[in-house]
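Here's the structure we're looking at; comments come further down.
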Amino acid sequence: MVISKICCIGAGYVGGPTCSVMALKCPNICVTVVDRSAERIAQWNSDKLPIYEPGLDDVVKKCRNVNLFFSTDVETAIREADLIFISVNTPTKTFGNGKGRAADLKYVESAARLIAEIAQSNKIVVEKSTVPVRAAESIMHILRANQKPGIRYDILSNPEFLAEGTAVDDLLHPDRVLIGGEETSEGHQALEKLSWVYQHWIPKENIITTNTWSSELSKLAANAFLAQRISSINSLSAVCEATGADVSEVARAVGLDSRIGSKFLQASVGFGGSCFQKDILNLVYICEGLNLPQVAEYWQQVIHMNEYQKTRFSQKIIECLFNTVSDKRISIFGFAFKKNTGDTRETPAITVCKTLLEEGAKLDIYDPKVEPEQIIDDLTHPCVTDSPEDVKKAVQIHSDPYSAVRGTHAIVLCTEWDEFIGLDYKRIFQSMMKPAYIFDGRKILDHDHLQQIGFHVQTIGKKLNR
Ligand code: NAD
C-alpha cells in the first residue's frame, strides 16, 4: 500500500468531515484526526458531534473506532502517519490600528513545528487549510530548519472546496480535487501518493494537479469569484428596489446565459461564513504586498458591497417600523450563516441583530441548530450596548418558532432554513402585534400568501405593493 496511516491536525468543519469520508472510502487506511481541544475530540467520540452536517452522523458511526479515530494524542498520530493534513483554522488578524487585515498563520506554524518536533520518519505534509500564496514555503522552512538526519519532508497543497451544509455530498462527489506540489521528481511522487488516496472514490480525471502556488491561489480565487457573484447580484438588488425591477427575474434572465450560469445569483441579506471574507481579505493583503493596489481595491469592493447589503437591510427594517424599534419586540428567524449548518461565523444575522439592539429593540431569536450560548456569545462580543448583561436582557432564545413570534411586531428571516417555508403563518399572524411585518432576507417565503394573510412583507430586490 502506498499510504497506510493518515493523521489530520485540526478536527473542525473541514478536518472532521474530510477525514470521515476518507476513512469511509479507504477502508485499508487508518485515519486519525487530532485536535488540541479535548472538548472537541470528546464530542467527535460521542453521539452529539461538534458540528451539524447532513449525513455526517452515519459516516462517523460506520467508521469510528474501525479505521477512523479522534484523539488528543497528537504525538502518536504524527509519529505513525505517512501523510499529515494540516487542517487548522486560519483566522484573520488585524494590524496597523485595525486598518489592515490578513490571514493569521499562527496555528499553521504551530502545526508545522509540532510535526518537526515529533517526526522520526519521512512525512508528506499537506496544506488542507486555506493559506496565502507561498505559505508552503514557510512550512518547508520550519520543517527543514528542524529536520532530523535521514528524514524527508514533502509539502503538498490540497485546498478543500466543500461547502458547509453540503459537506458530505461535496466530499463524496467533488467537482474536482486539486493537488499542488513541487516540480521535482520527489514532489511528483508525493503528489501521486495523495492522488492515489483520492482515487479510491474519485475518478482520476477529476483530480487535477498543479504547481504549489497555483493550487494555493486557486482556492482564494474560487472563494473570491463565488463571493463576487453574490455581491454583484446584491448590488443590483438595490437598483431593483429603486426602479421596480425584480432581482429574481433579473437573476433568472442573466443566469440562463450559459456563459454566466445560474448558481450563486440569489440576492440576499449578504454572505457569511468563515471563508469568503477571510479569503478575499487574504487576497487583498497579498496584492498590497505585491504592490498591486488596483487589484487589491477591486477585490476589496466585494466585501464593501456585502457590508452595505447587511446594513441596508437592517436600516430598511427600522424605517418600515415607523423609524423606531425602541422597546419593540422583533422575531429573528435563523441565526446560522446559511441553512443546514450550526455555524454562525460572520453570519449576517449578527449585523442585523446588533443594529436592532443598538436601536433599543428586544429580540426573540429562533434557529433550529445554533446553540443558545453561541448566539449570546456572538451578540455580546464585542458588545454594542453598555454591557453584555444589557444584551442578555434584550435577547430571548426560543426552541420553537411559534413561541418566538408571540407578541412581536416583525419577523426578520436571516437564514434560509427549509422549515421556515412550511410554518403556519396564519397562526403566526394571529399571535403577533399589528401591523405585523415580515422581512424576508433570503427570499424563500411565499410573499403573495403572506400578504393575503395580512402581513406587510418586505424583501430584497423587489418592491412589494403593500
Ligand atoms: P475550525 O476552527 O472549525 O477547526 C480548526 C481546528 O484546528 C480547531 O478545532 C482547533 O482547535 C484546531 N487546531 C488549531 N491549531 C491546532 C494545533 N496546533 N494542534 C491541534 N489542533 C489545532 O476551522 P475549519 O472551518 O475546519 O477550517 C480549517 C481550514 O479550512 C481554514 O483554513 C479554512 O479557511 C479552511 N476551509 C474551511 C471551510 C469551511 O467551510 N469551514 C471550507 C474550505 C476550507
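Every chain in the C-alpha cells takes a letter, A first, then B, and so on in the order presented; its residues are numbered from 1, and the ligands are numbered from 1 following the presented order.
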Per-residue nearest contacts of chain A to ligand 1 (8 Å; only C-alpha atoms and all ligand atoms) as JSON lines:
{"residue": "A:Ile9", "atom": "CA", "partner": "ligand 1", "partner_atom_place_in_ligand_line": "20 (C)", "distance": 5.1}
{"residue": "A:Gly10", "atom": "CA", "partner": "ligand 1", "partner_atom_place_in_ligand_line": "7 (O)", "distance": 3.4}
{"residue": "A:Ala11", "atom": "CA", "partner": "ligand 1", "partner_atom_place_in_ligand_line": "9 (O)", "distance": 4.8}
{"residue": "A:Gly12", "atom": "CA", "partner": "ligand 1", "partner_atom_place_in_ligand_line": "4 (O)", "distance": 3.2}
{"residue": "A:Tyr13", "atom": "CA", "partner": "ligand 1", "partner_atom_place_in_ligand_line": "26 (O)", "distance": 3.7}
{"residue": "A:Val14", "atom": "CA", "partner": "ligand 1", "partner_atom_place_in_ligand_line": "26 (O)", "distance": 3.8}
{"residue": "A:Gly15", "atom": "CA", "partner": "ligand 1", "partner_atom_place_in_ligand_line": "26 (O)", "distance": 5.6}
{"residue": "A:Gly16", "atom": "CA", "partner": "ligand 1", "partner_atom_place_in_ligand_line": "26 (O)", "distance": 7.5}
{"residue": "A:Val34", "atom": "CA", "partner": "ligand 1", "partner_atom_place_in_ligand_line": "20 (C)", "distance": 6.0}
{"residue": "A:Asp35", "atom": "CA", "partner": "ligand 1", "partner_atom_place_in_ligand_line": "21 (N)", "distance": 3.6}
{"residue": "A:Arg36", "atom": "CA", "partner": "ligand 1", "partner_atom_place_in_ligand_line": "20 (C)", "distance": 4.2}
{"residue": "A:Ser37", "atom": "CA", "partner": "ligand 1", "partner_atom_place_in_ligand_line": "11 (O)", "distance": 5.0}
{"residue": "A:Arg40", "atom": "CA", "partner": "ligand 1", "partner_atom_place_in_ligand_line": "9 (O)", "distance": 6.5}
{"residue": "A:Thr72", "atom": "CA", "partner": "ligand 1", "partner_atom_place_in_ligand_line": "20 (C)", "distance": 8.0}
{"residue": "A:Val74", "atom": "CA", "partner": "ligand 1", "partner_atom_place_in_ligand_line": "20 (C)", "distance": 7.1}
{"residue": "A:Ser87", "atom": "CA", "partner": "ligand 1", "partner_atom_place_in_ligand_line": "28 (C)", "distance": 5.0}
{"residue": "A:Val88", "atom": "CA", "partner": "ligand 1", "partner_atom_place_in_ligand_line": "7 (O)", "distance": 3.6}
{"residue": "A:Asn89", "atom": "CA", "partner": "ligand 1", "partner_atom_place_in_ligand_line": "23 (O)", "distance": 4.1}
{"residue": "A:Thr90", "atom": "CA", "partner": "ligand 1", "partner_atom_place_in_ligand_line": "32 (O)", "distance": 4.4}
{"residue": "A:Pro91", "atom": "CA", "partner": "ligand 1", "partner_atom_place_in_ligand_line": "32 (O)", "distance": 7.4}
{"residue": "A:Tyr107", "atom": "CA", "partner": "ligand 1", "partner_atom_place_in_ligand_line": "15 (N)", "distance": 4.5}
{"residue": "A:Val108", "atom": "CA", "partner": "ligand 1", "partner_atom_place_in_ligand_line": "15 (N)", "distance": 6.9}
{"residue": "A:Glu109", "atom": "CA", "partner": "ligand 1", "partner_atom_place_in_ligand_line": "18 (N)", "distance": 7.9}
{"residue": "A:Ser110", "atom": "CA", "partner": "ligand 1", "partner_atom_place_in_ligand_line": "18 (N)", "distance": 5.0}
{"residue": "A:Ala111", "atom": "CA", "partner": "ligand 1", "partner_atom_place_in_ligand_line": "18 (N)", "distance": 4.4}
{"residue": "A:Leu114", "atom": "CA", "partner": "ligand 1", "partner_atom_place_in_ligand_line": "18 (N)", "distance": 7.2}
{"residue": "A:Lys128", "atom": "CA", "partner": "ligand 1", "partner_atom_place_in_ligand_line": "30 (O)", "distance": 6.2}
{"residue": "A:Ser129", "atom": "CA", "partner": "ligand 1", "partner_atom_place_in_ligand_line": "32 (O)", "distance": 3.5}
{"residue": "A:Thr130", "atom": "CA", "partner": "ligand 1", "partner_atom_place_in_ligand_line": "32 (O)", "distance": 3.9}
{"residue": "A:Val131", "atom": "CA", "partner": "ligand 1", "partner_atom_place_in_ligand_line": "32 (O)", "distance": 6.3}
{"residue": "A:Pro159", "atom": "CA", "partner": "ligand 1", "partner_atom_place_in_ligand_line": "44 (C)", "distance": 6.6}
{"residue": "A:Glu160", "atom": "CA", "partner": "ligand 1", "partner_atom_place_in_ligand_line": "43 (C)", "distance": 4.6}
{"residue": "A:Phe161", "atom": "CA", "partner": "ligand 1", "partner_atom_place_in_ligand_line": "43 (C)", "distance": 5.1}
{"residue": "A:Leu162", "atom": "CA", "partner": "ligand 1", "partner_atom_place_in_ligand_line": "42 (C)", "distance": 5.3}
{"residue": "A:Ala163", "atom": "CA", "partner": "ligand 1", "partner_atom_place_in_ligand_line": "40 (O)", "distance": 5.0}
{"residue": "A:Glu164", "atom": "CA", "partner": "ligand 1", "partner_atom_place_in_ligand_line": "40 (O)", "distance": 4.8}
{"residue": "A:Ala167", "atom": "CA", "partner": "ligand 1", "partner_atom_place_in_ligand_line": "40 (O)", "distance": 8.0}
{"residue": "A:Gly273", "atom": "CA", "partner": "ligand 1", "partner_atom_place_in_ligand_line": "40 (O)", "distance": 7.2}
{"residue": "A:Ser274", "atom": "CA", "partner": "ligand 1", "partner_atom_place_in_ligand_line": "41 (N)", "distance": 6.1}
{"residue": "A:Cys275", "atom": "CA", "partner": "ligand 1", "partner_atom_place_in_ligand_line": "34 (O)", "distance": 5.2}
{"residue": "A:Lys278", "atom": "CA", "partner": "ligand 1", "partner_atom_place_in_ligand_line": "34 (O)", "distance": 7.5}
{"residue": "A:Asp279", "atom": "CA", "partner": "ligand 1", "partner_atom_place_in_ligand_line": "34 (O)", "distance": 7.2}
Closest-contact table, stretch 270-349 of chain A side, partner stretch 394-402 of chain A, 12 Å, counting only C-alpha atoms, as a tab-separated table:
residue	atom	partner	partner_atom	distance
A:Ser326	CA	A:Ala394	CA	10.9
A:Asp327	CA	A:Ala394	CA	9.0
A:Lys328	CA	A:Ala394	CA	10.3
A:Arg329	CA	A:Ala394	CA	9.0
A:Ile330	CA	A:Val395	CA	9.8
A:Ser331	CA	A:Pro401	CA	8.8
A:Ile332	CA	A:Pro401	CA	9.2
A:Phe333	CA	A:Pro401	CA	7.5
A:Gly334	CA	A:Pro401	CA	9.6
A:Phe335	CA	A:Ile397	CA	10.6
Exercise. Hey, what's within 12 Å of A:Asp58 if we count only C-alpha atoms and toss same-chain stuff fewer than 4 positions away? As a PyMOL selection string, please?
Worked result: chain A and resi 17+20-21+24+47-49+52-54+62-64+168
For this session: To one decimal in Å, tell me the separation between atom CA of A:Val33 and atom CA of A:Cys19.
Result: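 So the two atoms, atom CA of A:Val33 and atom CA of A:Cys19, lie 7.1 Å apart.
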Exercise. As an MDAnalysis selection string, which residues of stretch 267-368 of chain A does DSSP assign to strand (DSSP E)?
Worked result: chainID A and resid 329:333 362:366
Problem set entry | Test item: residues at most 12 Å from A:Ile260, only C-alpha atoms, excluding those fewer than 6 positions along its chain, as a ChimeraX atom specification | /A:229,251-254
Problem set entry | Among listed residues A:Asn158, A:Gln189, A:Thr94, A:Ser248, nearest A:Thr212 (using only C-alpha atoms) |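 So, comparing all the options, the nearest one is A:Asn158.
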Neighbours of stretch 442-459 of chain A within 6 Å (only C-alpha atoms; same-chain residues fewer than 4 positions away dropped), as a PDB file with N, CA and C atoms, in the first residue's frame?
ATOM      1  N   SER A 268     -29.651  38.347  -1.416  1.00  0.00           N
ATOM      2  CA  SER A 268     -29.938  38.034  -0.010  1.00  0.00           C
ATOM      3  C   SER A 268     -29.449  39.169   0.871  1.00  0.00           C
ATOM      4  N   GLU A 416     -31.996  30.707   5.472  1.00  0.00           N
ATOM      5  CA  GLU A 416     -32.986  30.081   4.566  1.00  0.00           C
ATOM      6  C   GLU A 416     -33.361  28.652   4.968  1.00  0.00           C
ATOM      7  N   ILE A 421     -40.324  27.750   5.500  1.00  0.00           N
ATOM      8  CA  ILE A 421     -41.261  27.824   4.362  1.00  0.00           C
ATOM      9  C   ILE A 421     -42.608  27.215   4.761  1.00  0.00           C
ATOM     10  N   ALA A 436     -48.400  43.643  11.397  1.00  0.00           N
ATOM     11  CA  ALA A 436     -47.351  42.628  11.510  1.00  0.00           C
ATOM     12  C   ALA A 436     -46.500  42.644  10.243  1.00  0.00           C
ATOM     13  N   TYR A 437     -45.188  42.664  10.435  1.00  0.00           N
ATOM     14  CA  TYR A 437     -44.262  42.751   9.301  1.00  0.00           C
ATOM     15  C   TYR A 437     -43.435  41.469   9.155  1.00  0.00           C
ATOM     16  N   ILE A 438     -43.108  41.158   7.917  1.00  0.00           N
ATOM     17  CA  ILE A 438     -42.103  40.104   7.675  1.00  0.00           C
ATOM     18  C   ILE A 438     -41.045  40.684   6.751  1.00  0.00           C
TER      19      ILE A 438
END
Problem set entry | Coordinates-based distance that separates atom CA of A:Leu178 from atom CA of A:Pro203 (Å, one decimal) |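 Spanning atom CA of A:Pro203 to atom CA of A:Leu178 is a straight-line distance of 12.7 Å.
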Problem set entry | Which residue of A:Val284, A:Gln309, A:Asn65, A:Asp169 approaches A:Ile233 most closely, using only C-alpha atoms |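 Ranking A:Val284, A:Gln309, A:Asn65, A:Asp169 by distance to A:Ile233, first place goes to A:Gln309.
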For this session: For A:Asn122, please output as an MDAnalysis selection string all residues within 6 Å (counting only C-alpha atoms; exclusion window: fewer than 3 positions along the same chain).
Result: chainID A and resid 151:153
For the selection just defined, write its residues with C-alpha atoms to a file, as a PDB file, in the first residue's frame.
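Produced file part.pdb, reproduced below:
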ATOM      1  CA  ILE A 151      14.062  12.365   7.370  1.00  0.00           C
ATOM      2  CA  ARG A 152      12.475  13.701   4.219  1.00  0.00           C
ATOM      3  CA  TYR A 153       9.518  16.101   4.072  1.00  0.00           C
TER       4      TYR A 153
END
Neighbouring residues of A:Val370 were defined as those with any atom within 12 Å, considering only C-alpha atoms; residues of the same chain fewer than 4 positions away were excluded. Please report them as a PDB file with N, CA, C and O atoms, in the first residue's frame.
ATOM      1  N   PRO A  50     -19.607  17.640  17.165  1.00  0.00           N
ATOM      2  CA  PRO A  50     -19.459  19.084  17.421  1.00  0.00           C
ATOM      3  C   PRO A  50     -19.999  19.958  16.300  1.00  0.00           C
ATOM      4  O   PRO A  50     -20.167  21.150  16.491  1.00  0.00           O
ATOM      5  N   ILE A  51     -20.238  19.377  15.118  1.00  0.00           N
ATOM      6  CA  ILE A  51     -20.797  20.177  14.022  1.00  0.00           C
ATOM      7  C   ILE A  51     -21.997  19.441  13.432  1.00  0.00           C
ATOM      8  O   ILE A  51     -22.063  18.206  13.482  1.00  0.00           O
ATOM      9  N   TYR A  52     -22.921  20.240  12.886  1.00  0.00           N
ATOM     10  CA  TYR A  52     -24.061  19.619  12.222  1.00  0.00           C
ATOM     11  C   TYR A  52     -23.819  19.625  10.717  1.00  0.00           C
ATOM     12  O   TYR A  52     -23.579  20.675  10.131  1.00  0.00           O
ATOM     13  N   PHE A 333     -35.728  34.899  12.644  1.00  0.00           N
ATOM     14  CA  PHE A 333     -35.811  33.512  12.181  1.00  0.00           C
ATOM     15  C   PHE A 333     -34.472  33.141  11.543  1.00  0.00           C
ATOM     16  O   PHE A 333     -34.156  33.569  10.442  1.00  0.00           O
ATOM     17  N   GLY A 334     -33.721  32.313  12.246  1.00  0.00           N
ATOM     18  CA  GLY A 334     -32.450  31.828  11.715  1.00  0.00           C
ATOM     19  C   GLY A 334     -31.295  32.708  12.132  1.00  0.00           C
ATOM     20  O   GLY A 334     -31.362  33.933  12.029  1.00  0.00           O
ATOM     21  N   PHE A 335     -30.232  32.043  12.627  1.00  0.00           N
ATOM     22  CA  PHE A 335     -29.047  32.796  13.048  1.00  0.00           C
ATOM     23  C   PHE A 335     -27.784  32.268  12.364  1.00  0.00           C
ATOM     24  O   PHE A 335     -26.801  32.973  12.218  1.00  0.00           O
ATOM     25  N   ALA A 336     -27.821  31.008  11.902  1.00  0.00           N
ATOM     26  CA  ALA A 336     -26.652  30.425  11.220  1.00  0.00           C
ATOM     27  C   ALA A 336     -26.396  31.183   9.915  1.00  0.00           C
ATOM     28  O   ALA A 336     -27.300  31.817   9.375  1.00  0.00           O
ATOM     29  N   PHE A 337     -25.177  31.099   9.394  1.00  0.00           N
ATOM     30  CA  PHE A 337     -24.873  31.907   8.213  1.00  0.00           C
ATOM     31  C   PHE A 337     -25.535  31.358   6.953  1.00  0.00           C
ATOM     32  O   PHE A 337     -25.669  32.051   5.961  1.00  0.00           O
ATOM     33  N   LYS A 338     -25.972  30.091   7.018  1.00  0.00           N
ATOM     34  CA  LYS A 338     -26.802  29.526   5.960  1.00  0.00           C
ATOM     35  C   LYS A 338     -27.501  28.287   6.502  1.00  0.00           C
ATOM     36  O   LYS A 338     -27.240  27.884   7.641  1.00  0.00           O
ATOM     37  N   LYS A 339     -28.383  27.696   5.690  1.00  0.00           N
ATOM     38  CA  LYS A 339     -29.126  26.548   6.209  1.00  0.00           C
ATOM     39  C   LYS A 339     -28.234  25.301   6.308  1.00  0.00           C
ATOM     40  O   LYS A 339     -27.160  25.239   5.699  1.00  0.00           O
ATOM     41  N   ASN A 340     -28.715  24.342   7.089  1.00  0.00           N
ATOM     42  CA  ASN A 340     -28.054  23.047   7.257  1.00  0.00           C
ATOM     43  C   ASN A 340     -26.682  23.117   7.911  1.00  0.00           C
ATOM     44  O   ASN A 340     -25.830  22.256   7.689  1.00  0.00           O
ATOM     45  N   THR A 341     -26.453  24.175   8.679  1.00  0.00           N
ATOM     46  CA  THR A 341     -25.246  24.242   9.498  1.00  0.00           C
ATOM     47  C   THR A 341     -25.591  24.983  10.777  1.00  0.00           C
ATOM     48  O   THR A 341     -26.544  25.787  10.797  1.00  0.00           O
ATOM     49  N   GLY A 342     -24.819  24.704  11.824  1.00  0.00           N
ATOM     50  CA  GLY A 342     -24.990  25.456  13.064  1.00  0.00           C
ATOM     51  C   GLY A 342     -23.918  26.525  13.179  1.00  0.00           C
ATOM     52  O   GLY A 342     -23.767  27.158  14.214  1.00  0.00           O
ATOM     53  N   ASP A 343     -23.172  26.731  12.111  1.00  0.00           N
ATOM     54  CA  ASP A 343     -22.042  27.669  12.132  1.00  0.00           C
ATOM     55  C   ASP A 343     -22.548  29.109  12.040  1.00  0.00           C
ATOM     56  O   ASP A 343     -23.375  29.431  11.176  1.00  0.00           O
ATOM     57  N   THR A 344     -22.053  29.959  12.920  1.00  0.00           N
ATOM     58  CA  THR A 344     -22.501  31.362  12.908  1.00  0.00           C
ATOM     59  C   THR A 344     -21.369  32.326  12.555  1.00  0.00           C
ATOM     60  O   THR A 344     -21.548  33.537  12.648  1.00  0.00           O
ATOM     61  N   ARG A 345     -20.231  31.792  12.150  1.00  0.00           N
ATOM     62  CA  ARG A 345     -19.110  32.698  11.876  1.00  0.00           C
ATOM     63  C   ARG A 345     -19.468  33.663  10.742  1.00  0.00           C
ATOM     64  O   ARG A 345     -19.881  33.241   9.679  1.00  0.00           O
ATOM     65  N   THR A 347     -21.953  35.430  10.279  1.00  0.00           N
ATOM     66  CA  THR A 347     -23.334  35.380   9.799  1.00  0.00           C
ATOM     67  C   THR A 347     -23.929  36.784   9.701  1.00  0.00           C
ATOM     68  O   THR A 347     -23.733  37.605  10.621  1.00  0.00           O
ATOM     69  N   ALA A 349     -26.776  37.615  10.313  1.00  0.00           N
ATOM     70  CA  ALA A 349     -27.694  37.799  11.447  1.00  0.00           C
ATOM     71  C   ALA A 349     -27.036  38.613  12.557  1.00  0.00           C
ATOM     72  O   ALA A 349     -27.717  39.357  13.274  1.00  0.00           O
ATOM     73  N   ILE A 365     -35.198  35.175  19.301  1.00  0.00           N
ATOM     74  CA  ILE A 365     -34.429  34.508  18.236  1.00  0.00           C
ATOM     75  C   ILE A 365     -34.716  33.005  18.230  1.00  0.00           C
ATOM     76  O   ILE A 365     -34.715  32.350  19.273  1.00  0.00           O
ATOM     77  N   TYR A 366     -34.911  32.476  17.017  1.00  0.00           N
ATOM     78  CA  TYR A 366     -35.072  31.025  16.877  1.00  0.00           C
ATOM     79  C   TYR A 366     -34.183  30.534  15.731  1.00  0.00           C
ATOM     80  O   TYR A 366     -34.226  31.082  14.619  1.00  0.00           O
ATOM     81  N   GLN A 374     -24.114  30.097  21.881  1.00  0.00           N
ATOM     82  CA  GLN A 374     -23.365  30.640  20.737  1.00  0.00           C
ATOM     83  C   GLN A 374     -23.956  31.981  20.301  1.00  0.00           C
ATOM     84  O   GLN A 374     -23.243  32.941  20.015  1.00  0.00           O
ATOM     85  N   ILE A 375     -25.298  32.059  20.280  1.00  0.00           N
ATOM     86  CA  ILE A 375     -25.967  33.302  19.860  1.00  0.00           C
ATOM     87  C   ILE A 375     -25.617  34.424  20.834  1.00  0.00           C
ATOM     88  O   ILE A 375     -25.221  35.527  20.419  1.00  0.00           O
ATOM     89  N   ILE A 376     -25.722  34.129  22.126  1.00  0.00           N
ATOM     90  CA  ILE A 376     -25.420  35.159  23.136  1.00  0.00           C
ATOM     91  C   ILE A 376     -23.952  35.574  23.008  1.00  0.00           C
ATOM     92  O   ILE A 376     -23.615  36.763  23.048  1.00  0.00           O
ATOM     93  N   ASP A 377     -23.086  34.607  22.803  1.00  0.00           N
ATOM     94  CA  ASP A 377     -21.659  34.912  22.670  1.00  0.00           C
ATOM     95  C   ASP A 377     -21.408  35.824  21.463  1.00  0.00           C
ATOM     96  O   ASP A 377     -20.700  36.812  21.554  1.00  0.00           O
ATOM     97  N   ASP A 378     -22.053  35.505  20.343  1.00  0.00           N
ATOM     98  CA  ASP A 378     -21.862  36.320  19.124  1.00  0.00           C
ATOM     99  C   ASP A 378     -22.380  37.748  19.319  1.00  0.00           C
ATOM    100  O   ASP A 378     -21.826  38.688  18.758  1.00  0.00           O
ATOM    101  N   ILE A 397     -33.892  33.537  23.568  1.00  0.00           N
ATOM    102  CA  ILE A 397     -33.675  32.483  22.570  1.00  0.00           C
ATOM    103  C   ILE A 397     -34.799  31.462  22.732  1.00  0.00           C
ATOM    104  O   ILE A 397     -35.108  31.065  23.866  1.00  0.00           O
ATOM    105  N   HIS A 398     -35.381  31.055  21.631  1.00  0.00           N
ATOM    106  CA  HIS A 398     -36.518  30.124  21.683  1.00  0.00           C
ATOM    107  C   HIS A 398     -36.149  28.795  21.029  1.00  0.00           C
ATOM    108  O   HIS A 398     -35.309  28.749  20.129  1.00  0.00           O
ATOM    109  N   SER A 399     -36.860  27.743  21.483  1.00  0.00           N
ATOM    110  CA  SER A 399     -36.576  26.439  20.868  1.00  0.00           C
ATOM    111  C   SER A 399     -37.682  26.064  19.886  1.00  0.00           C
ATOM    112  O   SER A 399     -37.714  24.941  19.381  1.00  0.00           O
ATOM    113  N   THR A 415     -31.918  33.339   7.853  1.00  0.00           N
ATOM    114  CA  THR A 415     -31.316  32.092   7.338  1.00  0.00           C
ATOM    115  C   THR A 415     -32.392  31.319   6.574  1.00  0.00           C
ATOM    116  O   THR A 415     -33.545  31.263   7.011  1.00  0.00           O
ATOM    117  N   TRP A 417     -33.499  28.381   6.265  1.00  0.00           N
ATOM    118  CA  TRP A 417     -33.896  27.028   6.703  1.00  0.00           C
ATOM    119  C   TRP A 417     -35.201  26.618   6.028  1.00  0.00           C
ATOM    120  O   TRP A 417     -36.163  27.394   6.030  1.00  0.00           O
TER     121      TRP A 417
END
For this session: Please give the complete set of residues from stretch 46-268 of chain A that DSSP, run on the backbone, assigns to helix (DSSP H, G or I), formatted as a PyMOL selection string.
Result: chain A and resi 56-63+74-80+106-118+135-145+167-172+185-198+204-206+212-243+247-255
